[in-house]
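In what follows, a structure is listed as structure tokens, so that the remarks can point back to it.
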Amino acid sequence: MILSGSQIFVFLPVAMMFIVALGFVGLVMGVTHWMGPKRKSKVKLETFECGIDVQGNARTPFSIKYFLVAILFVLFDVEVIFMYPWAVNFKQLGLLGIIEMFSFISVFLVGFFYIIKKGALKWE
């Protein structure tokens, strides 16, 4: 889609706001770098974690179960988000909307029972 000259002016305020925002961020970052303190010491460059002294290596491996549960949570959470518009408009969608939502929920439950059967949520 090619915009004509008059249509481009509709987006001019958005473009100007984008340019001002980028300029402000660049200006603030430059000024803080220029005016900020430059004193470095051994204590200042040490790792700081909420006031607690560092214990051990930060690169210790996590169990894959942690990541699997996190990914499954995100997956099922996003699927639940798709149910919200249906819940808001279920009267207008009628019978077809109910059938489509029940088919969606059935696919959702098939996946859920599959991960339970595979033991993805069991901690050892």
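In the structure tokens, each chain is lettered A, B, ... as it comes, each chain's residues begin at 1, and ligands are numbered from 1 in order of appearance.
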
Q: Would you kindly return, as a PyMOL selection string, each protein, DNA or RNA residue with an atom no farther than 9 Å from any atom of Trp86 of chain A, considering only C-alpha atoms and excluding same-chain residues fewer than 5 positions away?
A: chain A and resi 91+93+97-98+101

Q: Check the DSSP output for the backbone and give back, as a PyMOL selection string, the residues of segment 1-122 of chain A in alpha helix (DSSP H).
A: chain A and resi 5-8+12-35+64-118

Might you pull out every residue within 7 Å of segment 67-80 of chain A, with only C-alpha atoms counted and same-chain residues fewer than 3 positions away left off, and present them as a PDB file with N, CA and C atoms, in the first residue's frame?
ATOM      1  N   ILE A  64      16.698 -29.463  34.169  1.00  0.00           N
ATOM      2  CA  ILE A  64      15.880 -29.210  32.983  1.00  0.00           C
ATOM      3  C   ILE A  64      14.400 -29.167  33.349  1.00  0.00           C
ATOM      4  N   MET A  83      -8.886 -17.595  25.769  1.00  0.00           N
ATOM      5  CA  MET A  83     -10.254 -17.829  26.244  1.00  0.00           C
ATOM      6  C   MET A  83     -10.930 -16.541  26.692  1.00  0.00           C
ATOM      7  N   LEU A 121       5.476 -32.893  34.876  1.00  0.00           N
ATOM      8  CA  LEU A 121       5.278 -32.049  36.056  1.00  0.00           C
ATOM      9  C   LEU A 121       5.690 -32.729  37.357  1.00  0.00           C
TER      10      LEU A 121
END

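Computed from the coordinates, the atom CA of Gly30 of chain A to atom CA of Phe18 of chain A distance equals 18.2 Å.
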
Q) For the atom pair atom CA of Ser63 of chain A and atom CA of Glu46 of chain A, what is the interatomic distance in Å to one decimal place? A)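 These atoms are spaced 27.7 Å apart.
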